[in-house]
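Chemist: Sending over a structure as structure tokens; questions will come in a sec.
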Amino acid sequence: MLEILQKIWKKHLLYLDLSSNFNDTSLLDASELAILLSANAENYERYLSLKDFEFLLSKIDLRADIYSIQLAQVMSINSIKAGFFLKDDIIKALELLKNLSKQDDMISFLKALQTKTYDKKTEFNSSFNELNKINEKLALLSKDENIKQRLKLAKDKFTNTHFVVAITGVMNAGKSSMLNALLKNEILGVSNIPETANLTVLKYDEKSRARIYFWSKKEWQSILSSLALSDFLQEESKLYIKDEAVIKDISLQELKNFSSAKNQISALIKKIELFYPLDFLKDGIEIVDTPGLDDVFVQRELVTSDFVKKSDFLIHLMNASQSLSQKDSDFLLNAISNSRNSSILLLITKADLVDDENLKEVVNYTKNTLKKRLKEHNLSEFLVEKVEFLAISSKLANAYYKGEASKEDFEKSSFAKLENYLLNHLFSSTKSSLILKSYKKELYLINKSVKEQIELENTLLKTKINSLDYDNAKLLNELRQEEKALKEAKLDIQKQLEGLEDNLAGLDNSLFLLVQKITQKLSDEMNYCLNKRQNISMQRMLSILDTTFKDGLLDLFRELKFKNLKKTEELLANLALKYKFLDANLEDKYENFKENLNQNVEEILSSQNYFAFRMDLEKAFKEKDNLKLEDKIKEAFKSFDFKNLLENFELNKDFVQFINSKLKAYESTQELKLKTLTSFDGADKIEQSQRILEQNLQNLDLLNALERELL
């Protein structure tokens, strides 16, 4: 869609061509569209004075003036009307912008606007298939096996990207019934597959089967501190708990012997994967069915928390007749404030048992309670807007799929809305957009490499055709010299890379300061509650702990990383100066640090050590003892073994991989030069060289056409 929208914006057309094949929604997002639509007679002069608003207009090739705002708004409305943006997302964003100026008229207008349903999943798959076709064309146009391998790896990498949907809720919230209806198949809770006590990941596969992951011995030792083992479990643990975690593939019929909550052996299981040939799970969708939030087995709660943090979409279930429980409230508060998801879908289950008025009361009560909790934790109450509400009836949907209910009953179940909402959000998400952008960028770079190789080959072929034997011999000699220099350079560079050590100087002092910071913040909060004679909120104390610990580690890792960055930059400059032939290859950006950093910190926060740390501090909070608090924090920090952690983190890994990849790319180019020069010896092959040259020129035209598609 990006290319088409750019043309439409630039031509200043007032209506979208609804028959066009839109395949990229990355030009503007819903929040930016809402900002454009929020401009009105009351605020437009203030908007036009803002640099950010001017930049937003420039993204769609418009100037900062009243005419451009009106044009942008007409185009925005037609984009919403065509279904390229979800109307509800825009309305929610406008609700948040009410603080700046009145938005009631625009919100009312959008609510009444008739919009088309746009299939985001089909759009995404269509775009992906087009990129795969370009991939295949590049493979045919390239003679280099390294290039062909890069193309295969790129296709595999992006094809195997998964969208993870986490399903949460307290026990009896209706997770199994909802999943059966969503998947249009009785997967969970039926006779041969009992309701599992473990975290279960549902994936697509042509063959139905199950895979069980048991705890490793190290994980199990940590669990034993809070678990009394029966004689049966002690014997079974000898079979399944090993140094290297045991993975067992079984049939679905065997699953009941392991996973049922009634079976003690389920305590030995970390997670279960179920594979089914179900349409909904195609295209990389994985559904994580979590144990109930009120599960007494705390280690399963840790695994659940880890999956929720990494999920691309979160669905939380709440029984309409039971309203918002304390567990629901605590979980949603944490998810709203810490989840990476831009929105959370709260499903109110068993809606067929409650009338519309009561459903509205449930929604209002839930919203107001969450707003109150957010304010208590000094967080913006507007964060509650991340939560979408939908009332469903799994009973009606399941009955319809069995042929026991009418289509009208199915419409009342709201499952068509649920499926459409879920698929549209997954396949129009930031992640899906990044997948397409990254794949397109990788293909663009490969296309560039293929062009460079063909152009180089053409230069060498022309030399052969013109029979410039002296120049040919001279060039061959130069290449032999470069080949020798490359071997020496590789040895020298590898030696320098091996000597590049991670700089851990100052780590102890940084950790001491972090301990002091955490202690101070927790003590301040505890003292405040004591002075005000208020009860200490465990949820707030743990939230302060998590936030301060995480932010402190991120700062510490960043500081160490950028100390090392100076060293790597110096080495980079020296290498480029010393080896001129590598200079052009060393210009690319090689840092991929931020994503790796966040992932490593999240793993620490999901670890058994950190869980035990939180449990110990929770006891100190209850005892209201500041001295014990500091002692426990100091003791816990010793158990984390940060030095070993940082060594495993390999702060210079990205840099080393970058240098090695550039060396390999240069080596590949040199091999092609030599192969071209030596493959057409003799006057009888001049004609063959001419044919290859003509074919190469045709291939360059094709590559230029592909490049235009990838821009």
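Lettering and numbering for the structure tokens are positional, with chains as A, B, ... in the shown order, residues counted from 1 in each chain, and ligands counted from 1 in the shown order.
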Near A:Leu513, counting only C-alpha atoms, which residues have an atom at most 12 Å away, once you skip same-chain residues fewer than 4 positions from it, shown as an mmCIF file with all heavy atoms, in the first residue's frame?

Modeler:
```cif
data_model
loop_
_atom_site.group_PDB
_atom_site.id
_atom_site.type_symbol
_atom_site.label_atom_id
_atom_site.label_comp_id
_atom_site.auth_asym_id
_atom_site.auth_seq_id
_atom_site.Cartn_x
_atom_site.Cartn_y
_atom_site.Cartn_z
ATOM 1 N N GLY A 506 34.420 -1.347 36.758
ATOM 2 C CA GLY A 506 33.392 -0.513 37.385
ATOM 3 C C GLY A 506 32.079 -1.221 37.621
ATOM 4 O O GLY A 506 31.117 -0.615 38.095
ATOM 5 N N LEU A 507 32.019 -2.522 37.303
ATOM 6 C CA LEU A 507 30.766 -3.257 37.466
ATOM 7 C C LEU A 507 30.332 -3.308 38.929
ATOM 8 O O LEU A 507 29.168 -3.058 39.246
ATOM 9 C CB LEU A 507 30.918 -4.672 36.912
ATOM 10 C CG LEU A 507 29.718 -5.606 37.127
ATOM 11 C CD1 LEU A 507 28.477 -5.079 36.427
ATOM 12 C CD2 LEU A 507 30.034 -7.019 36.640
ATOM 13 N N ASP A 508 31.269 -3.623 39.824
ATOM 14 C CA ASP A 508 30.928 -3.747 41.245
ATOM 15 C C ASP A 508 30.360 -2.445 41.794
ATOM 16 O O ASP A 508 29.370 -2.450 42.540
ATOM 17 C CB ASP A 508 32.164 -4.163 42.053
ATOM 18 C CG ASP A 508 32.573 -5.603 41.765
ATOM 19 O OD1 ASP A 508 31.702 -6.377 41.317
ATOM 20 O OD2 ASP A 508 33.745 -5.943 41.966
ATOM 21 N N ASN A 509 30.974 -1.335 41.427
ATOM 22 C CA ASN A 509 30.500 -0.034 41.916
ATOM 23 C C ASN A 509 29.106 0.273 41.365
ATOM 24 O O ASN A 509 28.234 0.781 42.086
ATOM 25 C CB ASN A 509 31.482 1.066 41.502
ATOM 26 C CG ASN A 509 31.107 2.412 42.101
ATOM 27 O OD1 ASN A 509 30.949 2.542 43.310
ATOM 28 N ND2 ASN A 509 30.929 3.394 41.251
ATOM 29 N N LYS A 517 19.926 2.367 45.194
ATOM 30 C CA LYS A 517 18.777 3.014 44.555
ATOM 31 C C LYS A 517 17.485 2.237 44.814
ATOM 32 O O LYS A 517 16.443 2.812 45.164
ATOM 33 C CB LYS A 517 19.020 3.124 43.049
ATOM 34 C CG LYS A 517 17.965 3.920 42.296
ATOM 35 C CD LYS A 517 18.360 4.057 40.830
ATOM 36 C CE LYS A 517 17.329 4.890 40.079
ATOM 37 N NZ LYS A 517 17.708 5.024 38.643
ATOM 38 N N ILE A 518 17.556 0.912 44.662
ATOM 39 C CA ILE A 518 16.369 0.077 44.905
ATOM 40 C C ILE A 518 15.949 0.166 46.370
ATOM 41 O O ILE A 518 14.766 0.338 46.687
ATOM 42 C CB ILE A 518 16.660 -1.390 44.517
ATOM 43 C CG1 ILE A 518 16.868 -1.516 43.007
ATOM 44 C CG2 ILE A 518 15.518 -2.306 44.960
ATOM 45 C CD1 ILE A 518 17.311 -2.893 42.550
ATOM 46 N N THR A 519 16.936 0.057 47.262
ATOM 47 C CA THR A 519 16.648 0.126 48.702
ATOM 48 C C THR A 519 15.992 1.449 49.057
ATOM 49 O O THR A 519 15.002 1.488 49.805
ATOM 50 C CB THR A 519 17.948 -0.037 49.519
ATOM 51 O OG1 THR A 519 18.570 -1.272 49.156
ATOM 52 C CG2 THR A 519 17.654 -0.047 51.005
ATOM 53 N N GLN A 520 16.536 2.549 48.529
ATOM 54 C CA GLN A 520 16.023 3.877 48.847
ATOM 55 C C GLN A 520 14.570 4.036 48.387
ATOM 56 O O GLN A 520 13.719 4.524 49.137
ATOM 57 C CB GLN A 520 16.897 4.958 48.184
ATOM 58 C CG GLN A 520 16.570 6.391 48.603
ATOM 59 C CD GLN A 520 16.795 6.618 50.084
ATOM 60 O OE1 GLN A 520 17.863 6.309 50.594
ATOM 61 N NE2 GLN A 520 15.796 7.128 50.781
ATOM 62 N N THR A 548 12.473 -0.426 38.918
ATOM 63 C CA THR A 548 13.796 0.102 39.278
ATOM 64 C C THR A 548 14.899 -0.888 38.927
ATOM 65 O O THR A 548 15.961 -0.510 38.426
ATOM 66 C CB THR A 548 13.859 0.424 40.786
ATOM 67 O OG1 THR A 548 12.707 1.194 41.158
ATOM 68 C CG2 THR A 548 15.113 1.222 41.123
ATOM 69 N N PHE A 549 14.649 -2.170 39.199
ATOM 70 C CA PHE A 549 15.630 -3.215 38.889
ATOM 71 C C PHE A 549 15.876 -3.285 37.379
ATOM 72 O O PHE A 549 17.022 -3.300 36.919
ATOM 73 C CB PHE A 549 15.102 -4.560 39.406
ATOM 74 C CG PHE A 549 16.082 -5.697 39.291
ATOM 75 C CD1 PHE A 549 17.002 -5.950 40.297
ATOM 76 C CD2 PHE A 549 16.092 -6.525 38.173
ATOM 77 C CE1 PHE A 549 17.907 -6.999 40.203
ATOM 78 C CE2 PHE A 549 16.997 -7.573 38.065
ATOM 79 C CZ PHE A 549 17.907 -7.810 39.089
ATOM 80 N N GLY A 552 17.527 -0.071 36.051
ATOM 81 C CA GLY A 552 18.910 -0.013 36.519
ATOM 82 C C GLY A 552 19.816 -0.941 35.720
ATOM 83 O O GLY A 552 20.934 -0.567 35.354
ATOM 84 N N LEU A 553 19.331 -2.162 35.450
ATOM 85 C CA LEU A 553 20.127 -3.102 34.655
ATOM 86 C C LEU A 553 20.321 -2.607 33.228
ATOM 87 O O LEU A 553 21.402 -2.720 32.653
ATOM 88 C CB LEU A 553 19.445 -4.470 34.625
ATOM 89 C CG LEU A 553 19.666 -5.394 35.824
ATOM 90 C CD1 LEU A 553 19.078 -6.766 35.524
ATOM 91 C CD2 LEU A 553 21.137 -5.554 36.149
ATOM 92 N N ASP A 555 20.389 0.487 32.216
ATOM 93 C CA ASP A 555 21.380 1.575 32.270
ATOM 94 C C ASP A 555 22.790 1.019 32.437
ATOM 95 O O ASP A 555 23.742 1.489 31.799
ATOM 96 C CB ASP A 555 21.063 2.528 33.428
ATOM 97 C CG ASP A 555 19.821 3.368 33.154
ATOM 98 O OD1 ASP A 555 19.423 3.462 31.982
ATOM 99 O OD2 ASP A 555 19.245 3.896 34.121
ATOM 100 N N LEU A 556 22.926 0.011 33.313
ATOM 101 C CA LEU A 556 24.236 -0.576 33.574
ATOM 102 C C LEU A 556 24.787 -1.250 32.312
ATOM 103 O O LEU A 556 25.953 -1.060 31.940
ATOM 104 C CB LEU A 556 24.099 -1.600 34.701
ATOM 105 C CG LEU A 556 25.368 -2.225 35.287
ATOM 106 C CD1 LEU A 556 25.114 -2.637 36.730
ATOM 107 C CD2 LEU A 556 25.801 -3.454 34.503
ATOM 108 N N ILE A 633 18.360 -7.396 49.704
ATOM 109 C CA ILE A 633 18.691 -6.931 48.347
ATOM 110 C C ILE A 633 20.170 -7.202 48.047
ATOM 111 O O ILE A 633 20.517 -7.710 46.972
ATOM 112 C CB ILE A 633 18.368 -5.433 48.186
ATOM 113 C CG1 ILE A 633 16.850 -5.213 48.270
ATOM 114 C CG2 ILE A 633 18.894 -4.897 46.855
ATOM 115 C CD1 ILE A 633 16.428 -3.766 48.304
ATOM 116 N N LYS A 634 21.044 -6.905 49.016
ATOM 117 C CA LYS A 634 22.483 -7.153 48.827
ATOM 118 C C LYS A 634 22.751 -8.643 48.615
ATOM 119 O O LYS A 634 23.528 -9.035 47.745
ATOM 120 C CB LYS A 634 23.266 -6.659 50.049
ATOM 121 C CG LYS A 634 23.396 -5.148 50.135
ATOM 122 C CD LYS A 634 24.176 -4.766 51.388
ATOM 123 C CE LYS A 634 24.320 -3.247 51.492
ATOM 124 N NZ LYS A 634 25.006 -2.852 52.744
ATOM 125 N N PHE A 637 21.602 -9.857 45.167
ATOM 126 C CA PHE A 637 22.465 -9.421 44.069
ATOM 127 C C PHE A 637 23.675 -10.347 43.915
ATOM 128 O O PHE A 637 24.186 -10.538 42.824
ATOM 129 C CB PHE A 637 22.910 -7.971 44.283
ATOM 130 C CG PHE A 637 22.033 -6.975 43.574
ATOM 131 C CD1 PHE A 637 20.691 -6.863 43.898
ATOM 132 C CD2 PHE A 637 22.539 -6.171 42.573
ATOM 133 C CE1 PHE A 637 19.870 -5.965 43.250
ATOM 134 C CE2 PHE A 637 21.725 -5.266 41.908
ATOM 135 C CZ PHE A 637 20.379 -5.153 42.249
#
```

Chemist: When you look at stretch 341-356 of chain A with a cut-off of 7 Å (counting only C-alpha atoms), what residues show up, excluding the ones that are within fewer than 6 positions of it in the same chain? I need them as a PyMOL selection string.

Modeler: chain A and resi 174+312-320+386-394

Chemist: Write a file of the selected residues as a PDB file, in the first residue's frame, keeping N, CA, C and O atoms.

Modeler:
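Contents of result.pdb, as written:
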```
ATOM      1  N   GLY A 174     -13.379 -19.711  31.324  1.00  0.00           N
ATOM      2  CA  GLY A 174     -13.911 -20.180  30.045  1.00  0.00           C
ATOM      3  C   GLY A 174     -12.878 -20.226  28.933  1.00  0.00           C
ATOM      4  O   GLY A 174     -13.237 -20.143  27.756  1.00  0.00           O
ATOM      5  N   ASP A 312       2.481 -11.394  21.073  1.00  0.00           N
ATOM      6  CA  ASP A 312       2.168 -10.297  20.154  1.00  0.00           C
ATOM      7  C   ASP A 312       0.761  -9.770  20.399  1.00  0.00           C
ATOM      8  O   ASP A 312       0.433  -8.665  19.970  1.00  0.00           O
ATOM      9  N   PHE A 313      -0.057 -10.566  21.043  1.00  0.00           N
ATOM     10  CA  PHE A 313      -1.417 -10.119  21.363  1.00  0.00           C
ATOM     11  C   PHE A 313      -1.875 -10.836  22.629  1.00  0.00           C
ATOM     12  O   PHE A 313      -1.599 -12.024  22.808  1.00  0.00           O
ATOM     13  N   LEU A 314      -2.558 -10.115  23.478  1.00  0.00           N
ATOM     14  CA  LEU A 314      -3.001 -10.664  24.762  1.00  0.00           C
ATOM     15  C   LEU A 314      -4.521 -10.641  24.849  1.00  0.00           C
ATOM     16  O   LEU A 314      -5.148  -9.592  24.650  1.00  0.00           O
ATOM     17  N   ILE A 315      -5.096 -11.812  25.124  1.00  0.00           N
ATOM     18  CA  ILE A 315      -6.544 -11.923  25.345  1.00  0.00           C
ATOM     19  C   ILE A 315      -6.765 -12.385  26.777  1.00  0.00           C
ATOM     20  O   ILE A 315      -6.280 -13.448  27.171  1.00  0.00           O
ATOM     21  N   HIS A 316      -7.468 -11.574  27.541  1.00  0.00           N
ATOM     22  CA  HIS A 316      -7.765 -11.934  28.929  1.00  0.00           C
ATOM     23  C   HIS A 316      -9.259 -12.209  29.052  1.00  0.00           C
ATOM     24  O   HIS A 316     -10.087 -11.429  28.577  1.00  0.00           O
ATOM     25  N   LEU A 317      -9.595 -13.329  29.699  1.00  0.00           N
ATOM     26  CA  LEU A 317     -10.998 -13.737  29.832  1.00  0.00           C
ATOM     27  C   LEU A 317     -11.519 -13.462  31.236  1.00  0.00           C
ATOM     28  O   LEU A 317     -10.800 -13.664  32.222  1.00  0.00           O
ATOM     29  N   MET A 318     -12.776 -13.024  31.278  1.00  0.00           N
ATOM     30  CA  MET A 318     -13.405 -12.730  32.564  1.00  0.00           C
ATOM     31  C   MET A 318     -14.872 -13.162  32.492  1.00  0.00           C
ATOM     32  O   MET A 318     -15.597 -12.770  31.566  1.00  0.00           O
ATOM     33  N   ASN A 319     -15.296 -13.970  33.435  1.00  0.00           N
ATOM     34  CA  ASN A 319     -16.665 -14.468  33.473  1.00  0.00           C
ATOM     35  C   ASN A 319     -17.629 -13.319  33.776  1.00  0.00           C
ATOM     36  O   ASN A 319     -17.463 -12.589  34.749  1.00  0.00           O
ATOM     37  N   ALA A 320     -18.639 -13.148  32.911  1.00  0.00           N
ATOM     38  CA  ALA A 320     -19.585 -12.032  33.059  1.00  0.00           C
ATOM     39  C   ALA A 320     -20.291 -12.048  34.410  1.00  0.00           C
ATOM     40  O   ALA A 320     -20.587 -10.994  34.989  1.00  0.00           O
ATOM     41  N   LYS A 386      -5.847   1.071  26.588  1.00  0.00           N
ATOM     42  CA  LYS A 386      -5.204  -0.063  25.914  1.00  0.00           C
ATOM     43  C   LYS A 386      -6.107  -1.297  25.918  1.00  0.00           C
ATOM     44  O   LYS A 386      -5.878  -2.240  25.167  1.00  0.00           O
ATOM     45  N   VAL A 387      -7.113  -1.285  26.799  1.00  0.00           N
ATOM     46  CA  VAL A 387      -7.993  -2.449  26.944  1.00  0.00           C
ATOM     47  C   VAL A 387      -9.225  -2.309  26.058  1.00  0.00           C
ATOM     48  O   VAL A 387      -9.952  -1.324  26.144  1.00  0.00           O
ATOM     49  N   GLU A 388      -9.424  -3.301  25.180  1.00  0.00           N
ATOM     50  CA  GLU A 388     -10.644  -3.386  24.370  1.00  0.00           C
ATOM     51  C   GLU A 388     -11.574  -4.400  25.026  1.00  0.00           C
ATOM     52  O   GLU A 388     -11.112  -5.397  25.596  1.00  0.00           O
ATOM     53  N   PHE A 389     -12.878  -4.160  24.953  1.00  0.00           N
ATOM     54  CA  PHE A 389     -13.857  -5.057  25.577  1.00  0.00           C
ATOM     55  C   PHE A 389     -14.735  -5.707  24.502  1.00  0.00           C
ATOM     56  O   PHE A 389     -15.163  -5.046  23.558  1.00  0.00           O
ATOM     57  N   LEU A 390     -14.976  -7.005  24.659  1.00  0.00           N
ATOM     58  CA  LEU A 390     -15.890  -7.701  23.758  1.00  0.00           C
ATOM     59  C   LEU A 390     -16.578  -8.814  24.543  1.00  0.00           C
ATOM     60  O   LEU A 390     -15.926  -9.622  25.195  1.00  0.00           O
ATOM     61  N   ALA A 391     -17.909  -8.834  24.490  1.00  0.00           N
ATOM     62  CA  ALA A 391     -18.692  -9.866  25.176  1.00  0.00           C
ATOM     63  C   ALA A 391     -18.956 -11.011  24.198  1.00  0.00           C
ATOM     64  O   ALA A 391     -19.380 -10.785  23.059  1.00  0.00           O
ATOM     65  N   ILE A 392     -18.680 -12.250  24.619  1.00  0.00           N
ATOM     66  CA  ILE A 392     -18.838 -13.406  23.732  1.00  0.00           C
ATOM     67  C   ILE A 392     -19.617 -14.525  24.430  1.00  0.00           C
ATOM     68  O   ILE A 392     -19.708 -14.569  25.652  1.00  0.00           O
ATOM     69  N   SER A 393     -20.125 -15.423  23.605  1.00  0.00           N
ATOM     70  CA  SER A 393     -20.756 -16.640  24.127  1.00  0.00           C
ATOM     71  C   SER A 393     -20.126 -17.837  23.421  1.00  0.00           C
ATOM     72  O   SER A 393     -20.443 -18.132  22.267  1.00  0.00           O
ATOM     73  N   SER A 394     -19.213 -18.505  24.085  1.00  0.00           N
ATOM     74  CA  SER A 394     -18.565 -19.695  23.510  1.00  0.00           C
ATOM     75  C   SER A 394     -19.583 -20.810  23.308  1.00  0.00           C
ATOM     76  O   SER A 394     -19.486 -21.591  22.352  1.00  0.00           O
TER      77      SER A 394
END
```

Chemist: Give me, as a PyMOL selection string, all polymer residues having an atom no more than 9 Å from A:Val308, counting only C-alpha atoms and skipping those fewer than 5 positions away in the same chain.

Modeler: chain A and resi 164-168+288+290+303+313-314+335+339

Chemist: Atoms to include: all heavy atoms. Write the selected residues as a CSV table (one decimal), in the first residue's frame.

Modeler:
```csv
chain,number,residue,atom,x,y,z
A,164,VAL,N,2.4,-14.7,18.3
A,164,VAL,CA,2.0,-15.4,19.5
A,164,VAL,C,0.8,-14.7,20.2
A,164,VAL,O,0.9,-13.5,20.5
A,164,VAL,CB,3.2,-15.5,20.5
A,164,VAL,CG1,2.8,-16.3,21.7
A,164,VAL,CG2,4.3,-16.2,19.8
A,165,VAL,N,-0.3,-15.5,20.4
A,165,VAL,CA,-1.5,-15.0,21.1
A,165,VAL,C,-1.6,-15.6,22.4
A,165,VAL,O,-1.7,-16.9,22.5
A,165,VAL,CB,-2.8,-15.2,20.3
A,165,VAL,CG1,-4.0,-14.7,21.0
A,165,VAL,CG2,-2.6,-14.7,18.9
A,166,ALA,N,-1.5,-14.9,23.5
A,166,ALA,CA,-1.5,-15.4,24.9
A,166,ALA,C,-3.0,-15.3,25.4
A,166,ALA,O,-3.6,-14.2,25.3
A,166,ALA,CB,-0.6,-14.7,25.8
A,167,ILE,N,-3.5,-16.4,25.9
A,167,ILE,CA,-4.8,-16.4,26.5
A,167,ILE,C,-4.7,-16.6,28.0
A,167,ILE,O,-4.1,-17.5,28.5
A,167,ILE,CB,-5.7,-17.6,26.0
A,167,ILE,CG1,-5.5,-17.7,24.5
A,167,ILE,CG2,-7.1,-17.5,26.4
A,167,ILE,CD1,-6.2,-16.6,23.7
A,168,THR,N,-5.2,-15.6,28.8
A,168,THR,CA,-5.1,-15.6,30.2
A,168,THR,C,-6.5,-15.5,30.9
A,168,THR,O,-7.5,-15.2,30.2
A,168,THR,CB,-4.2,-14.5,30.7
A,168,THR,OG1,-4.8,-13.2,30.4
A,168,THR,CG2,-2.8,-14.6,30.1
A,288,VAL,N,-1.1,-19.5,23.0
A,288,VAL,CA,-0.6,-20.0,24.3
A,288,VAL,C,-1.8,-20.0,25.3
A,288,VAL,O,-2.3,-18.9,25.7
A,288,VAL,CB,0.5,-19.1,24.8
A,288,VAL,CG1,1.0,-19.6,26.1
A,288,VAL,CG2,1.6,-19.0,23.8
A,290,THR,N,-2.7,-20.5,28.8
A,290,THR,CA,-2.0,-20.4,30.1
A,290,THR,C,-2.8,-21.1,31.2
A,290,THR,O,-4.0,-21.1,31.2
A,290,THR,CB,-1.7,-19.0,30.5
A,290,THR,OG1,-2.9,-18.3,30.8
A,290,THR,CG2,-1.0,-18.2,29.4
A,303,VAL,N,6.5,-19.2,34.1
A,303,VAL,CA,6.6,-19.6,32.7
A,303,VAL,C,5.5,-18.8,32.0
A,303,VAL,O,5.7,-18.3,30.9
A,303,VAL,CB,6.4,-21.1,32.5
A,303,VAL,CG1,6.4,-21.4,31.0
A,303,VAL,CG2,7.5,-21.8,33.2
A,313,PHE,N,-0.1,-10.6,21.0
A,313,PHE,CA,-1.4,-10.1,21.4
A,313,PHE,C,-1.9,-10.8,22.6
A,313,PHE,O,-1.6,-12.0,22.8
A,313,PHE,CB,-2.4,-10.4,20.2
A,313,PHE,CG,-3.7,-9.7,20.3
A,313,PHE,CD1,-3.8,-8.4,19.8
A,313,PHE,CD2,-4.8,-10.2,20.9
A,313,PHE,CE1,-4.9,-7.7,19.9
A,313,PHE,CE2,-6.0,-9.5,20.9
A,313,PHE,CZ,-6.1,-8.2,20.5
A,314,LEU,N,-2.6,-10.1,23.5
A,314,LEU,CA,-3.0,-10.7,24.8
A,314,LEU,C,-4.5,-10.6,24.8
A,314,LEU,O,-5.1,-9.6,24.7
A,314,LEU,CB,-2.4,-9.8,25.9
A,314,LEU,CG,-2.8,-10.2,27.3
A,314,LEU,CD1,-2.4,-11.7,27.6
A,314,LEU,CD2,-2.2,-9.3,28.3
A,335,ALA,N,-0.2,-5.9,33.2
A,335,ALA,CA,-0.2,-6.0,31.7
A,335,ALA,C,-0.3,-4.6,31.0
A,335,ALA,O,0.4,-4.3,30.1
A,335,ALA,CB,-1.3,-6.9,31.2
A,339,SER,N,3.2,-4.4,29.6
A,339,SER,CA,3.2,-5.2,28.3
A,339,SER,C,3.6,-4.4,27.1
A,339,SER,O,3.4,-3.2,27.0
A,339,SER,CB,1.7,-5.7,28.1
A,339,SER,OG,1.6,-6.4,26.8
```

Chemist: Pick out each residue of stretch 116-287 of chain A that DSSP on the backbone tags as helix (DSSP H, G or I); I need them as a ChimeraX atom specification.

Modeler: /A:120-141,145-159,175-182,217-224,231-240,252-257,264-268,279-281

Chemist: With distances taken over only C-alpha atoms, which of A:Ala181, A:Leu71, A:Glu235, A:Glu709 is nearest to A:Lys402?

Modeler: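 Closest candidate: A:Ala181.
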
Chemist: Go through A:Val170, A:Leu33, A:Val363, A:Ile544 and flag the residue nearest A:Asn378, using only C-alpha atoms for the distances.

Modeler: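 For A:Asn378, the nearest of the candidates is A:Ile544.
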
Chemist: Near A:Asn704, within 12 Å and counting only C-alpha atoms, which residues show up once chain neighbours fewer than 2 positions away are dropped, as a list in words?

Modeler: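 The contact residues come out as Leu138, Leu141, Tyr444, Asn447, Lys448, Val450, Lys451, Glu452, Leu697, Gln698, Asn699, Leu700, Asp701, Leu702, Leu706, Glu707, Arg708, Glu709, Leu710 and Leu711 of chain A.
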